[in-house]
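Colleague: Hey, dropping query-v7.cif in here, mmCIF, C-alpha atoms:
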```
data_data
loop_
_atom_site.group_PDB
_atom_site.id
_atom_site.type_symbol
_atom_site.label_atom_id
_atom_site.label_comp_id
_atom_site.auth_asym_id
_atom_site.auth_seq_id
_atom_site.Cartn_x
_atom_site.Cartn_y
_atom_site.Cartn_z
ATOM 1 C CA MET A 1 3.277 -26.661 19.091
ATOM 2 C CA GLU A 2 1.044 -26.447 16.035
ATOM 3 C CA GLY A 3 -1.992 -24.270 15.778
ATOM 4 C CA LYS A 4 -2.113 -20.532 16.182
ATOM 5 C CA ASN A 5 1.047 -20.208 18.181
ATOM 6 C CA GLY A 6 3.042 -22.802 16.318
ATOM 7 C CA PRO A 7 5.317 -22.239 13.370
ATOM 8 C CA ILE A 8 3.792 -22.137 9.908
ATOM 9 C CA ARG A 9 2.466 -25.573 8.993
ATOM 10 C CA GLU A 10 5.065 -27.438 7.013
ATOM 11 C CA THR A 11 4.839 -27.249 3.242
ATOM 12 C CA ARG A 12 6.084 -30.089 1.129
ATOM 13 C CA ILE A 13 9.227 -29.224 -0.771
ATOM 14 C CA TYR A 14 7.731 -30.323 -4.102
ATOM 15 C CA VAL A 15 5.120 -27.571 -3.703
ATOM 16 C CA TYR A 16 7.912 -25.002 -3.601
ATOM 17 C CA LEU A 17 9.667 -26.548 -6.597
ATOM 18 C CA ALA A 18 6.445 -26.735 -8.610
ATOM 19 C CA SER A 19 5.638 -23.115 -7.772
ATOM 20 C CA TRP A 20 9.124 -22.053 -8.828
ATOM 21 C CA ALA A 21 8.802 -23.913 -12.125
ATOM 22 C CA ALA A 22 5.426 -22.299 -12.791
ATOM 23 C CA LEU A 23 6.834 -18.861 -11.977
ATOM 24 C CA VAL A 24 9.770 -19.357 -14.361
ATOM 25 C CA GLY A 25 7.417 -20.551 -17.105
ATOM 26 C CA LEU A 26 5.060 -17.620 -16.565
ATOM 27 C CA THR A 27 8.009 -15.223 -16.722
ATOM 28 C CA PHE A 28 8.959 -16.454 -20.175
ATOM 29 C CA LEU A 29 5.302 -16.342 -21.199
ATOM 30 C CA THR A 30 5.112 -12.735 -20.002
ATOM 31 C CA VAL A 31 8.123 -11.751 -22.081
ATOM 32 C CA TRP A 32 6.779 -13.558 -25.126
ATOM 33 C CA VAL A 33 3.366 -11.897 -24.880
ATOM 34 C CA GLY A 34 4.856 -8.548 -23.945
ATOM 35 C CA THR A 35 7.166 -8.404 -26.937
ATOM 36 C CA ALA A 36 4.643 -9.715 -29.471
ATOM 37 C CA ASP A 37 2.885 -6.853 -31.182
ATOM 38 C CA LEU A 38 -0.651 -7.654 -30.095
ATOM 39 C CA GLY A 39 -1.951 -4.188 -29.398
ATOM 40 C CA GLY A 40 -5.026 -2.880 -27.636
ATOM 41 C CA VAL A 41 -6.324 -4.687 -24.586
ATOM 42 C CA ALA A 42 -3.703 -7.390 -25.150
ATOM 43 C CA GLY A 43 -1.231 -4.931 -23.622
ATOM 44 C CA LEU A 44 -2.807 -5.819 -20.281
ATOM 45 C CA VAL A 45 -1.996 -9.520 -20.567
ATOM 46 C CA PRO A 46 1.510 -9.201 -19.005
ATOM 47 C CA PHE A 47 -0.127 -7.636 -15.950
ATOM 48 C CA VAL A 48 -2.722 -10.373 -15.695
ATOM 49 C CA ILE A 49 0.140 -12.884 -15.782
ATOM 50 C CA ALA A 50 1.983 -10.808 -13.170
ATOM 51 C CA ALA A 51 -1.088 -11.025 -10.932
ATOM 52 C CA ILE A 52 -1.128 -14.813 -11.338
ATOM 53 C CA LYS A 53 2.580 -14.970 -10.458
ATOM 54 C CA ALA A 54 1.987 -12.794 -7.412
ATOM 55 C CA LEU A 55 -0.856 -15.068 -6.329
ATOM 56 C CA LEU A 56 1.455 -18.086 -6.615
ATOM 57 C CA VAL A 57 4.059 -16.400 -4.406
ATOM 58 C CA LEU A 58 1.419 -15.254 -1.912
ATOM 59 C CA ALA A 59 -0.306 -18.634 -1.774
ATOM 60 C CA PHE A 60 2.649 -21.015 -1.576
ATOM 61 C CA PHE A 61 5.856 -19.167 -0.727
ATOM 62 C CA MET A 62 4.049 -16.894 1.731
ATOM 63 C CA HIS A 63 1.780 -19.719 2.958
ATOM 64 C CA LEU A 64 -1.579 -18.046 2.480
ATOM 65 C CA TRP A 65 -2.889 -21.276 0.980
ATOM 66 C CA TYR A 66 -2.471 -22.848 4.402
ATOM 67 C CA GLU A 67 -3.349 -19.920 6.639
ATOM 68 C CA GLY A 68 -6.580 -19.052 8.396
ATOM 69 C CA TRP A 69 -9.212 -16.571 7.348
ATOM 70 C CA LEU A 70 -7.647 -13.460 8.904
ATOM 71 C CA LEU A 71 -4.301 -13.649 7.105
ATOM 72 C CA ARG A 72 -6.127 -14.340 3.855
ATOM 73 C CA LEU A 73 -8.584 -11.515 4.409
ATOM 74 C CA LEU A 74 -5.971 -8.815 4.925
ATOM 75 C CA PRO A 75 -4.215 -8.960 1.525
ATOM 76 C CA ALA A 76 -7.615 -9.377 -0.154
ATOM 77 C CA LEU A 77 -8.802 -6.257 1.642
ATOM 78 C CA ALA A 78 -5.654 -4.429 0.521
ATOM 79 C CA VAL A 79 -6.395 -5.337 -3.100
ATOM 80 C CA VAL A 80 -9.985 -4.095 -2.751
ATOM 81 C CA ILE A 81 -8.730 -0.786 -1.333
ATOM 82 C CA MET A 82 -6.186 -0.460 -4.150
ATOM 83 C CA ALA A 83 -8.895 -1.107 -6.732
ATOM 84 C CA ALA A 84 -11.075 1.561 -5.121
ATOM 85 C CA ILE A 85 -8.217 4.069 -5.189
ATOM 86 C CA VAL A 86 -7.523 3.352 -8.862
ATOM 87 C CA ALA A 87 -11.226 3.665 -9.704
ATOM 88 C CA LEU A 88 -11.433 7.018 -7.930
ATOM 89 C CA VAL A 89 -8.296 8.338 -9.648
ATOM 90 C CA ILE A 90 -9.523 7.234 -13.066
ATOM 91 C CA SER A 91 -12.940 8.803 -12.550
ATOM 92 C CA ASP A 92 -11.284 12.015 -11.368
ATOM 93 C CA VAL A 93 -8.942 12.188 -14.356
ATOM 94 C CA ALA A 94 -11.780 11.351 -16.755
ATOM 95 C CA TYR A 95 -13.875 14.142 -15.264
ATOM 96 C CA ARG A 96 -11.109 16.661 -15.763
ATOM 97 C CA GLY A 97 -10.589 15.554 -19.341
ATOM 98 C CA MET B 1 15.435 -10.515 27.528
ATOM 99 C CA THR B 2 12.806 -13.147 26.764
ATOM 100 C CA ALA B 3 13.422 -16.294 28.777
ATOM 101 C CA GLU B 4 12.738 -19.702 27.269
ATOM 102 C CA GLY B 5 9.094 -20.525 27.863
ATOM 103 C CA ALA B 6 8.130 -16.910 28.463
ATOM 104 C CA HIS B 7 5.242 -15.454 26.505
ATOM 105 C CA ARG B 8 5.697 -15.974 22.781
ATOM 106 C CA ASP B 9 3.087 -14.862 20.322
ATOM 107 C CA ASN B 10 4.056 -16.454 17.019
ATOM 108 C CA ALA B 11 0.673 -15.792 15.487
ATOM 109 C CA GLY B 12 0.918 -12.167 16.550
ATOM 110 C CA ALA B 13 4.422 -11.857 15.136
ATOM 111 C CA ARG B 14 3.251 -13.261 11.811
ATOM 112 C CA LEU B 15 0.226 -10.946 11.753
ATOM 113 C CA GLY B 16 2.463 -7.998 12.509
ATOM 114 C CA MET B 17 4.819 -8.872 9.673
ATOM 115 C CA TRP B 18 1.874 -9.224 7.268
ATOM 116 C CA LEU B 19 0.518 -5.821 8.271
ATOM 117 C CA PHE B 20 3.947 -4.288 7.691
ATOM 118 C CA ILE B 21 4.197 -6.023 4.299
ATOM 119 C CA LEU B 22 0.807 -4.627 3.302
ATOM 120 C CA THR B 23 2.045 -1.109 4.105
ATOM 121 C CA GLU B 24 5.012 -1.788 1.828
ATOM 122 C CA PHE B 25 2.657 -2.884 -0.951
ATOM 123 C CA PHE B 26 0.707 0.360 -0.528
ATOM 124 C CA LEU B 27 3.938 2.344 -0.677
ATOM 125 C CA PHE B 28 4.794 0.933 -4.093
ATOM 126 C CA PHE B 29 1.148 1.077 -5.133
ATOM 127 C CA GLY B 30 1.163 4.850 -4.683
ATOM 128 C CA ALA B 31 3.952 5.163 -7.223
ATOM 129 C CA VAL B 32 2.156 2.699 -9.517
ATOM 130 C CA VAL B 33 -0.957 4.913 -9.516
ATOM 131 C CA VAL B 34 1.202 7.853 -10.601
ATOM 132 C CA TYR B 35 2.737 5.621 -13.277
ATOM 133 C CA VAL B 36 -0.638 4.450 -14.633
ATOM 134 C CA PHE B 37 -1.922 8.001 -14.869
ATOM 135 C CA LEU B 38 1.198 9.263 -16.674
ATOM 136 C CA ARG B 39 1.386 6.195 -18.891
ATOM 137 C CA TYR B 40 -1.959 7.008 -20.447
ATOM 138 C CA ARG B 41 -1.149 10.662 -20.786
ATOM 139 C CA TYR B 42 2.234 10.035 -22.442
ATOM 140 C CA SER B 43 1.750 6.570 -23.935
ATOM 141 C CA GLY B 44 4.004 7.136 -26.940
ATOM 142 C CA ALA B 45 6.939 8.414 -24.896
ATOM 143 C CA PHE B 46 6.540 5.640 -22.325
ATOM 144 C CA SER B 47 6.500 3.070 -25.097
ATOM 145 C CA SER B 48 9.709 4.243 -26.731
ATOM 146 C CA ALA B 49 11.524 4.775 -23.415
ATOM 147 C CA SER B 50 10.560 1.285 -22.270
ATOM 148 C CA GLY B 51 12.005 -0.150 -25.468
ATOM 149 C CA ALA B 52 15.362 1.371 -24.538
ATOM 150 C CA LEU B 53 15.568 -0.642 -21.336
ATOM 151 C CA ASP B 54 17.529 -3.904 -21.324
ATOM 152 C CA LEU B 55 14.825 -6.571 -21.442
ATOM 153 C CA ASP B 56 17.320 -9.436 -21.128
ATOM 154 C CA LEU B 57 18.729 -8.033 -17.892
ATOM 155 C CA GLY B 58 15.241 -7.360 -16.603
ATOM 156 C CA THR B 59 14.145 -10.911 -17.367
ATOM 157 C CA LEU B 60 17.296 -12.301 -15.785
ATOM 158 C CA ASN B 61 16.676 -10.231 -12.662
ATOM 159 C CA THR B 62 13.107 -11.522 -12.481
ATOM 160 C CA LEU B 63 14.356 -15.105 -12.661
ATOM 161 C CA ILE B 64 17.029 -14.350 -10.048
ATOM 162 C CA LEU B 65 14.488 -13.030 -7.559
ATOM 163 C CA ILE B 66 12.056 -15.879 -8.194
ATOM 164 C CA THR B 67 14.859 -18.375 -7.532
ATOM 165 C CA SER B 68 15.909 -16.491 -4.409
ATOM 166 C CA SER B 69 12.343 -16.861 -3.128
ATOM 167 C CA LEU B 70 12.676 -20.598 -3.695
ATOM 168 C CA THR B 71 15.968 -20.831 -1.808
ATOM 169 C CA MET B 72 14.496 -18.714 0.991
ATOM 170 C CA ALA B 73 11.453 -21.001 1.311
ATOM 171 C CA LEU B 74 13.663 -24.086 1.166
ATOM 172 C CA SER B 75 15.934 -22.764 3.919
ATOM 173 C CA ILE B 76 12.915 -22.494 6.205
ATOM 174 C CA SER B 77 11.817 -26.010 5.232
ATOM 175 C CA TYR B 78 15.220 -27.408 6.081
ATOM 176 C CA LEU B 79 15.364 -25.485 9.335
ATOM 177 C CA ARG B 80 12.020 -26.996 10.285
ATOM 178 C CA ARG B 81 13.504 -30.428 9.522
ATOM 179 C CA CYS B 82 16.455 -29.628 11.827
ATOM 180 C CA ALA B 83 18.869 -29.569 8.879
ATOM 181 C CA LYS B 84 20.725 -26.529 10.174
ATOM 182 C CA LYS B 85 23.649 -26.619 7.736
ATOM 183 C CA ALA B 86 21.377 -26.862 4.707
ATOM 184 C CA ALA B 87 19.308 -23.992 6.055
ATOM 185 C CA VAL B 88 22.382 -21.788 6.436
ATOM 186 C CA TYR B 89 23.700 -22.692 2.973
ATOM 187 C CA LEU B 90 20.341 -21.844 1.432
ATOM 188 C CA LEU B 91 20.292 -18.525 3.261
ATOM 189 C CA VAL B 92 23.767 -17.747 1.944
ATOM 190 C CA LEU B 93 22.534 -18.667 -1.535
ATOM 191 C CA THR B 94 19.511 -16.381 -1.120
ATOM 192 C CA PHE B 95 21.844 -13.595 -0.043
ATOM 193 C CA ALA B 96 24.068 -14.228 -3.076
ATOM 194 C CA LEU B 97 21.090 -14.131 -5.450
ATOM 195 C CA GLY B 98 20.005 -10.832 -3.934
ATOM 196 C CA GLY B 99 23.528 -9.588 -4.518
ATOM 197 C CA ALA B 100 23.393 -10.768 -8.120
ATOM 198 C CA PHE B 101 20.162 -8.833 -8.606
ATOM 199 C CA LEU B 102 21.768 -5.662 -7.265
ATOM 200 C CA PHE B 103 24.861 -6.281 -9.394
ATOM 201 C CA ASN B 104 22.708 -6.393 -12.540
ATOM 202 C CA LYS B 105 20.896 -3.264 -11.418
ATOM 203 C CA TYR B 106 24.239 -1.533 -10.989
ATOM 204 C CA PHE B 107 25.104 -2.372 -14.598
ATOM 205 C CA GLU B 108 21.730 -1.263 -15.887
ATOM 206 C CA TRP B 109 21.768 2.022 -14.054
ATOM 207 C CA GLY B 110 25.406 2.549 -14.920
ATOM 208 C CA ALA B 111 24.716 2.140 -18.623
ATOM 209 C CA LYS B 112 21.816 4.566 -18.455
ATOM 210 C CA ILE B 113 23.741 7.162 -16.468
ATOM 211 C CA ALA B 114 26.749 6.872 -18.781
ATOM 212 C CA ALA B 115 24.405 7.529 -21.703
ATOM 213 C CA GLY B 116 23.290 10.720 -20.005
ATOM 214 C CA ILE B 117 19.999 9.331 -18.787
ATOM 215 C CA TYR B 118 19.517 10.163 -15.129
ATOM 216 C CA PRO B 119 17.032 12.294 -13.215
ATOM 217 C CA GLY B 120 17.491 15.920 -14.172
ATOM 218 C CA SER B 121 19.838 15.346 -17.096
ATOM 219 C CA SER B 122 19.683 17.656 -20.095
ATOM 220 C CA SER B 123 19.565 14.630 -22.392
ATOM 221 C CA ILE B 124 16.235 13.571 -20.919
ATOM 222 C CA SER B 125 14.675 17.017 -21.133
ATOM 223 C CA ALA B 126 15.724 17.157 -24.785
ATOM 224 C CA HIS B 127 13.528 14.133 -25.463
ATOM 225 C CA GLY B 128 10.436 15.647 -23.970
ATOM 226 C CA VAL B 129 8.328 15.496 -20.854
ATOM 227 C CA GLY B 130 7.010 11.968 -21.346
ATOM 228 C CA GLU B 131 10.387 10.272 -21.440
ATOM 229 C CA GLY B 132 11.563 12.353 -18.512
ATOM 230 C CA LEU B 133 8.605 11.174 -16.469
ATOM 231 C CA PHE B 134 9.194 7.546 -17.454
ATOM 232 C CA TYR B 135 12.821 7.624 -16.383
ATOM 233 C CA GLY B 136 11.974 9.557 -13.236
ATOM 234 C CA LEU B 137 9.548 6.821 -12.269
ATOM 235 C CA TYR B 138 12.000 4.132 -13.370
ATOM 236 C CA PHE B 139 14.831 5.377 -11.187
ATOM 237 C CA PHE B 140 12.562 6.103 -8.241
ATOM 238 C CA MET B 141 10.689 2.814 -8.231
ATOM 239 C CA THR B 142 13.538 0.463 -9.080
ATOM 240 C CA GLY B 143 15.714 2.425 -6.670
ATOM 241 C CA LEU B 144 13.175 2.131 -3.871
ATOM 242 C CA HIS B 145 12.859 -1.568 -4.645
ATOM 243 C CA GLY B 146 16.649 -1.909 -4.644
ATOM 244 C CA LEU B 147 16.786 -0.345 -1.178
ATOM 245 C CA HIS B 148 14.281 -2.938 -0.035
ATOM 246 C CA VAL B 149 16.489 -5.662 -1.502
ATOM 247 C CA VAL B 150 19.467 -4.285 0.435
ATOM 248 C CA ALA B 151 17.446 -4.217 3.654
ATOM 249 C CA GLY B 152 16.277 -7.777 3.005
ATOM 250 C CA MET B 153 19.838 -8.935 2.418
ATOM 251 C CA VAL B 154 20.961 -7.390 5.700
ATOM 252 C CA VAL B 155 18.206 -9.217 7.578
ATOM 253 C CA ILE B 156 18.983 -12.467 5.747
ATOM 254 C CA GLY B 157 22.636 -12.110 6.711
ATOM 255 C CA VAL B 158 21.714 -11.571 10.352
ATOM 256 C CA MET B 159 19.361 -14.557 10.220
ATOM 257 C CA ALA B 160 22.048 -16.782 8.694
ATOM 258 C CA VAL B 161 24.274 -15.998 11.662
ATOM 259 C CA LYS B 162 21.421 -16.600 14.109
ATOM 260 C CA VAL B 163 20.543 -19.931 12.512
ATOM 261 C CA ALA B 164 24.190 -20.981 12.542
ATOM 262 C CA ARG B 165 24.407 -20.052 16.227
ATOM 263 C CA GLY B 166 21.141 -21.758 17.067
ATOM 264 C CA SER B 167 19.187 -18.781 18.415
ATOM 265 C CA VAL B 168 16.802 -19.299 15.487
ATOM 266 C CA SER B 169 16.066 -23.003 15.295
ATOM 267 C CA HIS B 170 13.487 -25.604 14.395
ATOM 268 C CA SER B 171 11.740 -24.967 17.679
ATOM 269 C CA ALA B 172 11.844 -21.173 17.294
ATOM 270 C CA PRO B 173 11.691 -20.518 13.550
ATOM 271 C CA VAL B 174 9.345 -17.539 13.491
ATOM 272 C CA GLY B 175 12.110 -14.972 12.954
ATOM 273 C CA LEU B 176 13.263 -16.771 9.830
ATOM 274 C CA GLU B 177 9.696 -17.316 8.625
ATOM 275 C CA ASN B 178 8.964 -13.595 8.923
ATOM 276 C CA THR B 179 12.210 -12.818 7.100
ATOM 277 C CA GLY B 180 10.959 -15.127 4.360
ATOM 278 C CA LEU B 181 7.654 -13.271 4.200
ATOM 279 C CA TYR B 182 9.493 -9.978 3.718
ATOM 280 C CA TRP B 183 11.754 -11.396 1.027
ATOM 281 C CA HIS B 184 8.816 -12.882 -0.892
ATOM 282 C CA ALA B 185 7.057 -9.515 -0.682
ATOM 283 C CA VAL B 186 10.095 -7.873 -2.285
ATOM 284 C CA ASP B 187 9.835 -10.504 -5.033
ATOM 285 C CA VAL B 188 6.124 -9.754 -5.526
ATOM 286 C CA VAL B 189 6.855 -6.045 -5.964
ATOM 287 C CA TRP B 190 9.440 -6.805 -8.641
ATOM 288 C CA ILE B 191 6.993 -9.190 -10.372
ATOM 289 C CA PHE B 192 4.841 -6.124 -11.023
ATOM 290 C CA LEU B 193 7.682 -3.656 -11.675
ATOM 291 C CA PHE B 194 9.072 -5.871 -14.447
ATOM 292 C CA PRO B 195 6.146 -5.616 -16.907
ATOM 293 C CA LEU B 196 5.522 -2.004 -15.857
ATOM 294 C CA PHE B 197 8.909 -0.830 -17.068
ATOM 295 C CA TYR B 198 10.220 -3.432 -19.495
ATOM 296 C CA LEU B 199 7.105 -4.545 -21.382
ATOM 297 C CA VAL B 200 5.350 -1.309 -22.167
ATOM 298 C CA GLY B 201 6.391 -1.036 -25.823
#
```
Translate the structure of the given file into structure tokens.

Modeller:
Amino acid sequence: MEGKNGPIRETRIYVYLASWAALVGLTFLTVWVGTADLGGVAGLVPFVIAAIKALLVLAFFMHLWYEGWLLRLLPALAVVIMAAIVALVISDVAYRG
Amino acid sequence: MTAEGAHRDNAGARLGMWLFILTEFFLFFGAVVVYVFLRYRYSGAFSSASGALDLDLGTLNTLILITSSLTMALSISYLRRCAKKAAVYLLVLTFALGGAFLFNKYFEWGAKIAAGIYPGSSSISAHGVGEGLFYGLYFFMTGLHGLHVVAGMVVIGVMAVKVARGSVSHSAPVGLENTGLYWHAVDVVWIFLFPLFYLVG
């Protein structure tokens, strides 16, 4: 029943609860940092926190922590492609001034 | 249709759902690229327009979706433990939280529209191009996300019925697991939309 054709390997409930608690805490942290007048690069901090929250959801709620290499590779590949697209757009806009 | 014991490819079903979810991420990513470009071109206007959004409602909605992801994950856990009633209750709770999210959105949008802020309004064009672009992106992206929430709620409703009837069960949970994957993906999108629109100032 387990293995490739089985259902997703069971996750302990406390993992879900701990992830939820971390996500709630990070949400309040995001708001606190986002509303403090920090300026400059600090404006990116809410997005760094958002990436951490997304990783928590992907890893534990969506089970990637427990999955094999293929299901972990695909979202990672998507992020690489997104980064490449952003880099190309930025370089294009910078070139046009 | 598929007889018990006939070919089931749970790993394939999960892979297929992940591939679909990645296309959804790219869909929203396209709009995000437009947003990033315009944000740096019209940073002042984006800043002031973002300040006019209701941060409390946005934060509440973020917490609602995060909690709905928890209830969704828990419903699958309980289904796997053969606790069918608990699984159904948690699915109903997930559905209700999704509804609460949409309810808040309805209030937010309603307040904006009543104040004359909606795509194509004269009030927006009076404030300049930058604010118009911000609100255009705001309505498009939160609207697209809201449609995804509605679709997710429909599927969750169908799954709740299937779990209650036993066609999705602890021995055949993949349908519910894939529903969970979709719902978490909708949560991930909102996790990024929230700082994009509410924390720009």

Colleague: Measuring between all atoms listed in the file, which one of A:Met62, A:Ala18, A:Leu38, A:Leu29 shows the shortest distance to chain B?

Modeller: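 Among the listed residues, A:Met62 lies closest to chain B.
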
Colleague: Can you measure atom CA of B:Trp183 to atom CA of B:Ala83 for me? One decimal in Å is fine.

Modeller: 21.0 Å

Colleague: Could you tell me which residues the PyMOL selection byres ((chain A and resi 40-54) around 8) returns for this structure, as an mmCIF file with C-alpha atoms, keeping the file's coordinate frame?

Modeller:
```
data_model
loop_
_atom_site.group_PDB
_atom_site.id
_atom_site.type_symbol
_atom_site.label_atom_id
_atom_site.label_comp_id
_atom_site.auth_asym_id
_atom_site.auth_seq_id
_atom_site.Cartn_x
_atom_site.Cartn_y
_atom_site.Cartn_z
ATOM 1 C CA LEU A 23 6.834 -18.861 -11.977
ATOM 2 C CA LEU A 26 5.060 -17.620 -16.565
ATOM 3 C CA THR A 30 5.112 -12.735 -20.002
ATOM 4 C CA VAL A 31 8.123 -11.751 -22.081
ATOM 5 C CA VAL A 33 3.366 -11.897 -24.880
ATOM 6 C CA GLY A 34 4.856 -8.548 -23.945
ATOM 7 C CA LEU A 38 -0.651 -7.654 -30.095
ATOM 8 C CA GLY A 39 -1.951 -4.188 -29.398
ATOM 9 C CA LEU A 55 -0.856 -15.068 -6.329
ATOM 10 C CA LEU A 56 1.455 -18.086 -6.615
ATOM 11 C CA VAL A 57 4.059 -16.400 -4.406
ATOM 12 C CA LEU A 58 1.419 -15.254 -1.912
ATOM 13 C CA VAL B 188 6.124 -9.754 -5.526
ATOM 14 C CA ILE B 191 6.993 -9.190 -10.372
ATOM 15 C CA PHE B 192 4.841 -6.124 -11.023
ATOM 16 C CA PRO B 195 6.146 -5.616 -16.907
ATOM 17 C CA LEU B 196 5.522 -2.004 -15.857
ATOM 18 C CA LEU B 199 7.105 -4.545 -21.382
ATOM 19 C CA VAL B 200 5.350 -1.309 -22.167
#
```

Colleague: Can you translate the PyMOL selection byres ((chain B) within 9 of (chain A)) into the concrete residues it hits in this file, as an MDAnalysis selection string?

Modeller: chainID B and resid 8:12 14:15 18:19 22 25:26 29 33 37 55 59 62:63 66:67 69:70 72:74 77 80 170:174 177 180:181 184:185 187:189 191:192 194:196 198:201

Colleague: Create the file for the chosen residues now, containing C-alpha atoms and written as a short mmCIF file (atom, residue, chain, number, x, y, z; two decimals), in the coordinates of the input.

Modeller:
```
data_model
loop_
_atom_site.label_atom_id
_atom_site.label_comp_id
_atom_site.auth_asym_id
_atom_site.auth_seq_id
_atom_site.Cartn_x
_atom_site.Cartn_y
_atom_site.Cartn_z
CA ARG B 8 5.70 -15.97 22.78
CA ASP B 9 3.09 -14.86 20.32
CA ASN B 10 4.06 -16.45 17.02
CA ALA B 11 0.67 -15.79 15.49
CA GLY B 12 0.92 -12.17 16.55
CA ARG B 14 3.25 -13.26 11.81
CA LEU B 15 0.23 -10.95 11.75
CA TRP B 18 1.87 -9.22 7.27
CA LEU B 19 0.52 -5.82 8.27
CA LEU B 22 0.81 -4.63 3.30
CA PHE B 25 2.66 -2.88 -0.95
CA PHE B 26 0.71 0.36 -0.53
CA PHE B 29 1.15 1.08 -5.13
CA VAL B 33 -0.96 4.91 -9.52
CA PHE B 37 -1.92 8.00 -14.87
CA LEU B 55 14.82 -6.57 -21.44
CA THR B 59 14.14 -10.91 -17.37
CA THR B 62 13.11 -11.52 -12.48
CA LEU B 63 14.36 -15.10 -12.66
CA ILE B 66 12.06 -15.88 -8.19
CA THR B 67 14.86 -18.38 -7.53
CA SER B 69 12.34 -16.86 -3.13
CA LEU B 70 12.68 -20.60 -3.70
CA MET B 72 14.50 -18.71 0.99
CA ALA B 73 11.45 -21.00 1.31
CA LEU B 74 13.66 -24.09 1.17
CA SER B 77 11.82 -26.01 5.23
CA ARG B 80 12.02 -27.00 10.28
CA HIS B 170 13.49 -25.60 14.40
CA SER B 171 11.74 -24.97 17.68
CA ALA B 172 11.84 -21.17 17.29
CA PRO B 173 11.69 -20.52 13.55
CA VAL B 174 9.35 -17.54 13.49
CA GLU B 177 9.70 -17.32 8.62
CA GLY B 180 10.96 -15.13 4.36
CA LEU B 181 7.65 -13.27 4.20
CA HIS B 184 8.82 -12.88 -0.89
CA ALA B 185 7.06 -9.52 -0.68
CA ASP B 187 9.84 -10.50 -5.03
CA VAL B 188 6.12 -9.75 -5.53
CA VAL B 189 6.86 -6.04 -5.96
CA ILE B 191 6.99 -9.19 -10.37
CA PHE B 192 4.84 -6.12 -11.02
CA PHE B 194 9.07 -5.87 -14.45
CA PRO B 195 6.15 -5.62 -16.91
CA LEU B 196 5.52 -2.00 -15.86
CA TYR B 198 10.22 -3.43 -19.50
CA LEU B 199 7.10 -4.54 -21.38
CA VAL B 200 5.35 -1.31 -22.17
CA GLY B 201 6.39 -1.04 -25.82
#
```

Colleague: Neighbours of B:Lys105 within 9 Å (only C-alpha atoms; same-chain residues fewer than 5 positions away dropped), as a PDB file with C-alpha atoms, keeping the file's coordinate frame?

Modeller:
```pdb
ATOM      1  CA  LEU B  57      18.729  -8.033 -17.892  1.00  0.00           C
ATOM      2  CA  GLY B  58      15.241  -7.360 -16.603  1.00  0.00           C
ATOM      3  CA  ASN B  61      16.676 -10.231 -12.662  1.00  0.00           C
ATOM      4  CA  ALA B 100      23.393 -10.768  -8.120  1.00  0.00           C
ATOM      5  CA  GLY B 110      25.406   2.549 -14.920  1.00  0.00           C
ATOM      6  CA  THR B 142      13.538   0.463  -9.080  1.00  0.00           C
ATOM      7  CA  GLY B 146      16.649  -1.909  -4.644  1.00  0.00           C
TER       8      GLY B 146
END
```

Colleague: Name the residues, using the chain letters and numbers of the file, that sit within 10 Å of (9.2, 3.2, -25.8) when counting only C-alpha atoms, and give them as a PyMOL selection string.

Modeller: chain B and resi 43-53+131+134+197-201

Colleague: Select, from B:Val186, B:Ile76, B:Ala111, B:Cys82, the residue with the minimum atom-to-atom distance to B:Ala160, counting only C-alpha atoms.

Modeller: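 Closest to B:Ala160, using only C-alpha atoms: B:Ile76.
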
Colleague: Using all atoms listed in the file, list the residues that have an atom at most 10 Å from (15.7, 12.4, -12.0), coordinates as in the file, as a ChimeraX atom specification.

Modeller: /B:117-121,124,132-140

Colleague: Kindly give the distance, in Å, that separates atom CA of B:Leu60 and atom CA of A:Ala22, rounded to a single decimal.

Modeller: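 Atom CA of B:Leu60 sits 15.8 Å away from atom CA of A:Ala22.
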
Colleague: Take atom CA of B:Tyr182 and atom CA of B:Phe20 and report the distance between them in Å, one decimal.

Modeller: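 Rounded to one decimal, the two atoms are 8.9 Å apart.
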
Colleague: Please enumerate the residues selected by the PyMOL selection byres ((chain B and resi 159) around 12) when evaluated against the supplied file, formatted as an NGL selection string.

Modeller: :B and (72 or 75-76 or 79 or 87-92 or 94-95 or 152-158 or 160-169 or 173-180)
